[in-house]
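Following: one structure in structure tokens, then a few remarks.
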Amino acid sequence: MATDTSKYKFNHSMLRVKDPHRSVKFYEHLGMSLIQKIPQPDAKFDLYFLAYDSPTAISPKAPWYDRQGILELTHNYGTENDPDYKPANGNSDPGRGFGHVCITVDNIQAACQRIEDAGYKFQKKLSDGRMRHVAFALDPDDYWVEIVSDNKVEDTEGIKETDPSTYRFNHTMIRVKDHTKSLRFYQDILGMSLLRTSESPSSGFNLYFLGYVPGADNDVNTKPLEGVLELTWNYGTEKDEGFHYHNGNSEPQGFGHLAISVDDLDAACQRLEEKGVSWKKRLTDGRMKNVAFVLDPDGYWIEVVQNERYKATSKY
């Protein structure tokens, strides 16, 4: 039994939502398509999988398990009618941990104007602060959606048109306590490559971008990609024994997990076992024998699922 990490994919990121109709509408406005819905009426929740699916997308019409850059929205029945329910967006205490998802667009000024014209709010507009090349829109649950440009911002000034079919779900950001431990986990254990590092000593943080890109050398232009993981490390957190980030799965809940699809689920889990990972759920636990969850150094959940492309006899 063998597994090849070069065949792994950073498949999806999961967020809990209050009202799936509002949330799906928002992400469809950003050009995403609903590629899969998995109702779970017995367990009283539904899963919505969204991705970029136009003919010019990176993996148009591919099955959900054979893609990168998917957003999974989880709706627990009844939350849409609960006036007190609000998912934690990960950017304030006590739920601080997950940071944002990020969309790459063609013409950022036009894209942001289109979002604003549709009545959606912003955490940060292009004109706010010193960083005039990035914006953060707010989805219906106030999750932050970073907007970055595929082109130089100065080259798109004055362009009024934007084509959402060209957008990409670029990355997901989580905060980590100890960058050394986290980089080792995602590189050595999950098989990702370090694509790019952005150091900001004057601001006291570094950003590390990782993904499944063969031959990556820490000098990759990540903007054209999907399936990128951004780790944010704030200097000094690793020295504070009492410090920890919130993984989103205890109260207050919001962000749920990251997910990788693998070539051989049994072999991948055996490899993870040999690497000494901490398990949230082994394949043999519970009723669902087709999915496992490991924990990263900060306690974030990483779902491991089968990519049927490589194993026709998989349990999915």
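Residues are named by chain letter and number: chains run A, B, ... in the order of the structure tokens, numbers start at 1 in each chain, and ligands are numbered from 1 in the order shown.
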
(request) Compile the contact shell of Val305 in chain A as a list in words: residues with an atom at most 8 Å away, counting only C-alpha atoms, same-chain residues fewer than 5 positions apart removed. (result) Tyr65, Ala259, Ile260, Ser261, Val262, Leu265, Asn290, Val291 and Ala292 of chain A

(request) Just the residues within 12 Å of range 282-286 of chain A, please, counting only C-alpha atoms, with nothing from its chain fewer than 4 positions along; format it as an MDAnalysis selection string. (result) chainID A and resid 265:270 272:273 277:278 290:295 302:306 315

(request) Among the residues of range 50-209 of chain A, find those DSSP assigns to strand (DSSP E) from the backbone and print them as a PyMOL selection string. (result) chain A and resi 50-51+70-76+98-105+122-124+135-138+144-149+168-176+193-200+205-209

(request) In Å, rounded to a single decimal, give me how far CA of Ala216 in chain A is from CA of Lys177 in chain A. (result) 24.4 Å

(request) Excluding His179 in chain A and residues on its chain fewer than 3 positions from it, collect all residues at most 8 Å away from it, counting only C-alpha atoms, and give them as number ranges by chain. (result) A: 176, 182-183, 231, 233, 238

Prev. selection, C-alpha atoms, output as a short mmCIF file (atom, residue, chain, number, x, y, z; two decimals), in the first residue's frame:
data_model
loop_
_atom_site.label_atom_id
_atom_site.label_comp_id
_atom_site.auth_asym_id
_atom_site.auth_seq_id
_atom_site.Cartn_x
_atom_site.Cartn_y
_atom_site.Cartn_z
CA VAL A 176 -0.76 29.94 13.46
CA SER A 182 3.04 24.59 11.19
CA LEU A 183 5.38 24.68 8.20
CA LEU A 231 -0.43 30.87 7.21
CA TRP A 233 2.34 34.12 12.03
CA GLU A 238 5.19 30.86 19.87
#

Considering only C-alpha atoms, return as a JSON list (two decimals) with C-alpha atoms, in the first residue's frame whatever protein or nucleic-acid residues lie within 12 Å of Phe243 in chain A, sequence-local ones (same chain, fewer than 2 positions apart) excluded.
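Result saved to result-v2.json:
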[["chain", "number", "residue", "atom", "x", "y", "z"],
["A", 94, "PRO", "CA", -12.82, 34.62, 21.58],
["A", 96, "ARG", "CA", -9.92, 34.42, 16.59],
["A", 97, "GLY", "CA", -8.09, 31.96, 14.34],
["A", 176, "VAL", "CA", -0.76, 29.94, 13.46],
["A", 177, "LYS", "CA", 1.01, 30.15, 16.80],
["A", 178, "ASP", "CA", 4.39, 28.63, 15.84],
["A", 234, "ASN", "CA", 2.42, 37.06, 14.43],
["A", 236, "GLY", "CA", 6.15, 36.15, 19.58],
["A", 237, "THR", "CA", 3.03, 34.00, 19.86],
["A", 238, "GLU", "CA", 5.19, 30.86, 19.87],
["A", 239, "LYS", "CA", 6.83, 32.02, 23.11],
["A", 240, "ASP", "CA", 3.57, 32.39, 25.03],
["A", 241, "GLU", "CA", 2.72, 29.03, 26.59],
["A", 245, "TYR", "CA", -5.96, 30.22, 18.38],
["A", 246, "HIS", "CA", -9.57, 29.12, 18.08],
["A", 298, "ASP", "CA", -3.01, 24.67, 16.32]]

Mind the document's chain letters and residue numbers, and return as a PDB file with N, CA, C and O atoms, in the first residue's frame the residues of range 44-199 of chain A that DSSP labels alpha helix (DSSP H).
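Final file, result06.pdb:
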ATOM      1  N   ILE A 108      -9.575  45.021 -10.329  1.00  0.00           N
ATOM      2  CA  ILE A 108      -9.999  45.072  -8.927  1.00  0.00           C
ATOM      3  C   ILE A 108     -10.904  46.258  -8.638  1.00  0.00           C
ATOM      4  O   ILE A 108     -11.851  46.139  -7.859  1.00  0.00           O
ATOM      5  N   GLN A 109     -10.653  47.398  -9.260  1.00  0.00           N
ATOM      6  CA  GLN A 109     -11.530  48.541  -8.999  1.00  0.00           C
ATOM      7  C   GLN A 109     -12.952  48.249  -9.477  1.00  0.00           C
ATOM      8  O   GLN A 109     -13.934  48.502  -8.762  1.00  0.00           O
ATOM      9  N   ALA A 110     -13.073  47.694 -10.688  1.00  0.00           N
ATOM     10  CA  ALA A 110     -14.387  47.374 -11.238  1.00  0.00           C
ATOM     11  C   ALA A 110     -15.054  46.251 -10.441  1.00  0.00           C
ATOM     12  O   ALA A 110     -16.264  46.274 -10.218  1.00  0.00           O
ATOM     13  N   ALA A 111     -14.262  45.265 -10.016  1.00  0.00           N
ATOM     14  CA  ALA A 111     -14.815  44.147  -9.248  1.00  0.00           C
ATOM     15  C   ALA A 111     -15.368  44.634  -7.917  1.00  0.00           C
ATOM     16  O   ALA A 111     -16.470  44.228  -7.501  1.00  0.00           O
ATOM     17  N   CYS A 112     -14.631  45.503  -7.242  1.00  0.00           N
ATOM     18  CA  CYS A 112     -15.096  46.026  -5.957  1.00  0.00           C
ATOM     19  C   CYS A 112     -16.335  46.902  -6.133  1.00  0.00           C
ATOM     20  O   CYS A 112     -17.254  46.866  -5.301  1.00  0.00           O
ATOM     21  N   GLN A 113     -16.371  47.680  -7.197  1.00  0.00           N
ATOM     22  CA  GLN A 113     -17.540  48.519  -7.445  1.00  0.00           C
ATOM     23  C   GLN A 113     -18.768  47.654  -7.706  1.00  0.00           C
ATOM     24  O   GLN A 113     -19.872  47.966  -7.238  1.00  0.00           O
ATOM     25  N   ARG A 114     -18.577  46.564  -8.423  1.00  0.00           N
ATOM     26  CA  ARG A 114     -19.695  45.650  -8.711  1.00  0.00           C
ATOM     27  C   ARG A 114     -20.227  45.027  -7.419  1.00  0.00           C
ATOM     28  O   ARG A 114     -21.435  44.866  -7.244  1.00  0.00           O
ATOM     29  N   ILE A 115     -19.334  44.673  -6.505  1.00  0.00           N
ATOM     30  CA  ILE A 115     -19.745  44.106  -5.221  1.00  0.00           C
ATOM     31  C   ILE A 115     -20.527  45.153  -4.418  1.00  0.00           C
ATOM     32  O   ILE A 115     -21.578  44.867  -3.845  1.00  0.00           O
ATOM     33  N   GLU A 116     -20.013  46.379  -4.399  1.00  0.00           N
ATOM     34  CA  GLU A 116     -20.677  47.451  -3.653  1.00  0.00           C
ATOM     35  C   GLU A 116     -22.030  47.788  -4.258  1.00  0.00           C
ATOM     36  O   GLU A 116     -23.012  48.018  -3.528  1.00  0.00           O
ATOM     37  N   ASP A 117     -22.105  47.805  -5.584  1.00  0.00           N
ATOM     38  CA  ASP A 117     -23.366  48.125  -6.257  1.00  0.00           C
ATOM     39  C   ASP A 117     -24.444  47.089  -5.951  1.00  0.00           C
ATOM     40  O   ASP A 117     -25.640  47.406  -6.003  1.00  0.00           O
ATOM     41  N   HIS A 179       5.197  29.189  13.613  1.00  0.00           N
ATOM     42  CA  HIS A 179       5.350  28.964  12.174  1.00  0.00           C
ATOM     43  C   HIS A 179       6.231  27.766  11.872  1.00  0.00           C
ATOM     44  O   HIS A 179       6.016  27.062  10.875  1.00  0.00           O
ATOM     45  N   THR A 180       7.227  27.501  12.711  1.00  0.00           N
ATOM     46  CA  THR A 180       8.120  26.373  12.459  1.00  0.00           C
ATOM     47  C   THR A 180       7.360  25.058  12.518  1.00  0.00           C
ATOM     48  O   THR A 180       7.490  24.200  11.634  1.00  0.00           O
ATOM     49  N   LYS A 181       6.542  24.888  13.559  1.00  0.00           N
ATOM     50  CA  LYS A 181       5.756  23.664  13.697  1.00  0.00           C
ATOM     51  C   LYS A 181       4.730  23.532  12.576  1.00  0.00           C
ATOM     52  O   LYS A 181       4.528  22.437  12.034  1.00  0.00           O
ATOM     53  N   SER A 182       4.081  24.646  12.224  1.00  0.00           N
ATOM     54  CA  SER A 182       3.042  24.593  11.195  1.00  0.00           C
ATOM     55  C   SER A 182       3.628  24.302   9.823  1.00  0.00           C
ATOM     56  O   SER A 182       3.074  23.509   9.052  1.00  0.00           O
ATOM     57  N   LEU A 183       4.741  24.939   9.493  1.00  0.00           N
ATOM     58  CA  LEU A 183       5.375  24.677   8.198  1.00  0.00           C
ATOM     59  C   LEU A 183       5.814  23.224   8.100  1.00  0.00           C
ATOM     60  O   LEU A 183       5.688  22.588   7.047  1.00  0.00           O
ATOM     61  N   ARG A 184       6.343  22.679   9.181  1.00  0.00           N
ATOM     62  CA  ARG A 184       6.763  21.279   9.178  1.00  0.00           C
ATOM     63  C   ARG A 184       5.561  20.372   8.946  1.00  0.00           C
ATOM     64  O   ARG A 184       5.625  19.413   8.172  1.00  0.00           O
TER      65      ARG A 184
END

Could you give me, as a compact mmCIF listing (two decimals) with N, CA and C atoms, in the first residue's frame, the residues within 9 Å of Val220 in chain A, counting only C-alpha atoms and dropping anything in the same chain fewer than 5 positions from it?
# COMPACT_ATOMS: atom_id res chain seq x y z
N LEU A 194 6.23 25.02 -0.03
CA LEU A 194 6.23 26.44 0.30
C LEU A 194 6.35 27.22 -0.99
N LEU A 195 5.32 27.96 -1.33
CA LEU A 195 5.26 28.67 -2.61
C LEU A 195 5.85 30.07 -2.53
N ARG A 196 5.59 30.73 -1.41
CA ARG A 196 6.03 32.12 -1.29
C ARG A 196 6.02 32.53 0.17

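With only C-alpha atoms as the basis for measurement, A:Asp19 is the residue among A:Asp4, A:Glu154, A:Asp19, A:Asp106 that approaches Asp82 in chain A most closely.
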
(request) Provide the CA of Asp53 in chain A to CA of Tyr143 in chain A distance in Å, to one decimal place. (result)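 CA of Tyr143 in chain A lies 22.4 Å from CA of Asp53 in chain A.
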
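CA of Asn307 in chain A to CA of Lys289 in chain A spans 14.8 Å [interatomic distance, one decimal].
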
Once you count only C-alpha atoms, what closest atom pair and distance in Å to one decimal does each residue of range 1-38 of chain A within 12 Å of range 212-215 of chain A have, with rows by chain and rising residue number, as CSV?
residue,atom,partner,partner_atom,distance
A:Asp4,CA,A:Tyr212,CA,11.7
A:Thr5,CA,A:Tyr212,CA,8.5
A:Ser6,CA,A:Pro214,CA,6.9
A:Lys7,CA,A:Tyr212,CA,8.2
A:Tyr8,CA,A:Tyr212,CA,6.9
A:Lys9,CA,A:Tyr212,CA,6.2
A:Phe10,CA,A:Tyr212,CA,7.0
A:Asn11,CA,A:Tyr212,CA,10.3

(message) Can you pull out the residues contacting Leu225 in chain A? Cut-off 9 Å, using only C-alpha atoms, and skip same-chain residues under 5 positions away; I want them as a ChimeraX atom specification.
(response) /A:58,69,104,168-171

(message) Counting only C-alpha atoms, which residue out of A:Phe26, A:Tyr52, A:Tyr85, A:Phe209 sits closest to Val145 in chain A?
(response)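 Among A:Phe26, A:Tyr52, A:Tyr85, A:Phe209, it is A:Phe26 that comes nearest to Val145 in chain A.
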
(request) Compare A:Lys25, A:Thr172, A:Glu230, A:His100 by their minimum atom-to-atom distance to Asn206 in chain A, counting only C-alpha atoms, and give me the closest one. (result)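 Looking only at the distances to Asn206 in chain A, the closest residue turns out to be A:Glu230.
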